[in-house]
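Undergrad: My structure is below; once you've seen it, I'll send some questions.
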Amino acid sequence: MIEGVQIALTRAVGRGLSCRCPRCGRGNIFARYLKPAASCTHCNEAYGKIRTDDIAPYFTILVVGHIIVPLVLLVEKLYAPPAWTHWSLWPPLTLLAVFIVLPRVKGAVMGWMWWLGIRGDEQH
Ligand SMILES: [Zn+2]
């Protein structure tokens, strides 16, 4: 956590979840779709060095999987549509969900890492 700035973990993660700066909640945390901004456009907090690596895709798979798989099972149980319907519906819906969820999860992880004061390149 940055000295002089006391923000609750839930607030920092929530701001990251909305792709906003965990510190001020106003600036964007991303310069492009998944590329972290070098610094916040509002408070100038540095984010360019935070590396989330693979944790954001892992959490995204967890979240999207828990949304899509029950829907697939529910549709199959209720309507039993032909296989081509499943193949036409679920892959694009899954991709759409991933494109929506991934930056939010990455922002939340960045908010969490920022709150902890880690960058992801620490040596053990
Ligand atoms: Zn900011």
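All residue names refer to the structure tokens as shown: chains lettered A, B, ... in order, residues numbered from 1 in each chain, ligands numbered from 1 in order.
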With only C-alpha atoms and all ligand atoms counted, collect every polymer residue having an atom within 10 Å of ligand 1; state the result as a tab-separated table (two decimals) with C-alpha atoms, in the first residue's frame.

TA:
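See part.tsv below for the written result:
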```tsv
chain	number	residue	atom	x	y	z
A	15	ARG	CA	-12.21	-0.12	-8.23
A	20	ARG	CA	-10.54	2.16	-12.53
A	21	CYS	CA	-7.52	3.25	-10.56
A	22	PRO	CA	-7.51	1.45	-7.16
A	23	ARG	CA	-6.10	4.56	-5.49
A	24	CYS	CA	-8.43	7.34	-6.69
A	25	GLY	CA	-11.18	5.43	-8.50
A	26	ARG	CA	-11.27	7.97	-11.32
A	27	GLY	CA	-8.46	7.27	-13.78
A	28	ASN	CA	-8.31	4.25	-16.04
A	29	ILE	CA	-6.13	1.35	-14.96
A	39	SER	CA	0.22	5.59	-14.51
A	40	CYS	CA	-3.23	6.78	-13.56
A	41	THR	CA	-4.46	9.66	-15.69
A	42	HIS	CA	-5.97	11.31	-12.63
A	43	CYS	CA	-3.67	10.75	-9.62
A	44	ASN	CA	-0.52	9.61	-11.46
A	45	GLU	CA	-0.18	6.40	-9.43
A	46	ALA	CA	2.15	3.99	-11.30
A	47	TYR	CA	0.66	0.72	-12.56
```

Undergrad: Taking only C-alpha atoms into account, produce a table as a tab-separated table in which each residue of range 6-27 of chain A with an atom at most 6 Å from an atom of range 100-113 of chain A appears once, together with its shortest atom pair and the distance in Å to one decimal, ordered by chain and rising number.

TA:
```
residue	atom	partner	partner_atom	distance
A:Ala12	CA	A:Gly111	CA	5.1
A:Val13	CA	A:Ala108	CA	4.6
A:Gly16	CA	A:Gly107	CA	4.1
A:Leu17	CA	A:Ala108	CA	4.3
A:Cys19	CA	A:Gly107	CA	5.2
A:Pro22	CA	A:Gly111	CA	5.2
```

Undergrad: Output N, CA and C atoms for every residue in that selection, as a JSON list (two decimals), in the first residue's frame.

TA:
```
[["chain", "number", "residue", "atom", "x", "y", "z"],
["A", 12, "ALA", "N", -10.22, -1.14, -3.07],
["A", 12, "ALA", "CA", -9.17, -1.20, -4.10],
["A", 12, "ALA", "C", -9.51, -2.26, -5.14],
["A", 13, "VAL", "N", -9.96, -3.44, -4.68],
["A", 13, "VAL", "CA", -10.32, -4.51, -5.61],
["A", 13, "VAL", "C", -11.56, -4.12, -6.41],
["A", 16, "GLY", "N", -10.61, -1.72, -9.08],
["A", 16, "GLY", "CA", -9.93, -2.46, -10.15],
["A", 16, "GLY", "C", -10.92, -3.26, -10.97],
["A", 17, "LEU", "N", -11.92, -3.82, -10.30],
["A", 17, "LEU", "CA", -12.96, -4.60, -10.98],
["A", 17, "LEU", "C", -13.71, -3.74, -12.00],
["A", 19, "CYS", "N", -12.26, -1.47, -13.64],
["A", 19, "CYS", "CA", -11.17, -1.00, -14.52],
["A", 19, "CYS", "C", -10.78, 0.44, -14.21],
["A", 22, "PRO", "N", -7.19, 1.86, -8.54],
["A", 22, "PRO", "CA", -7.51, 1.45, -7.16],
["A", 22, "PRO", "C", -7.29, 2.56, -6.15]]
```

Undergrad: Smallest atom-to-atom distance to Ala56 in chain A: which of A:Gln6, A:Val98, A:Glu122, A:Ala37, using only C-alpha atoms?

TA: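 Nearest candidate to Ala56 in chain A out of A:Gln6, A:Val98, A:Glu122, A:Ala37: A:Val98.
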
Undergrad: For range 86-96 of chain A, please output as JSON, numbers by chain all residues within 9 Å (counting only C-alpha atoms; exclusion window: fewer than 4 positions along the same chain).

TA: {"A": [64, 65, 68, 72, 75, 76, 81, 82, 100, 101]}

Undergrad: Keeping C-alpha atoms, export the residues of the selection given above as a compact mmCIF listing (two decimals), in the first residue's frame.

TA:
```txt
# COMPACT_ATOMS: atom_id res chain seq x y z
CA VAL A 64 -16.94 -17.94 -16.89
CA GLY A 65 -16.97 -21.70 -16.41
CA ILE A 68 -21.59 -21.11 -18.87
CA VAL A 72 -25.46 -25.45 -20.91
CA VAL A 75 -30.73 -25.54 -21.56
CA GLU A 76 -30.07 -29.21 -22.27
CA PRO A 81 -31.95 -28.85 -28.42
CA PRO A 82 -30.00 -30.51 -31.26
CA ILE A 100 -16.07 -9.01 -20.85
CA VAL A 101 -14.79 -10.70 -17.67
```

Undergrad: I need the alpha helix (DSSP H) residues of chain A per DSSP on the backbone, written as a ChimeraX atom specification.

TA: /A:9-17,55-79,83-116

Undergrad: Just the strand (DSSP E or B) stuff from range 24-100 of chain A, please, per backbone DSSP, written as a list of chain:residue names.

TA: A:Asn28, A:Phe30, A:Pro36, A:Ser39, A:Ala46

Undergrad: Can you work out the spacing between CA of Ala97 in chain A and CA of Gly120 in chain A in Å, to one decimal?

TA: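 Computing the Euclidean distance for CA of Ala97 in chain A and CA of Gly120 in chain A yields 26.1 Å.
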
Undergrad: Separation of CA of Gly117 in chain A and CA of Phe99 in chain A, in Å?

TA: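 According to the coordinates, CA of Gly117 in chain A and CA of Phe99 in chain A are separated by 27.4 Å.
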
Undergrad: Would you mind reading off the distance between CA of Ile50 in chain A and CA of Ala38 in chain A, one decimal, in Å?

TA: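 The value is 9.5 Å.
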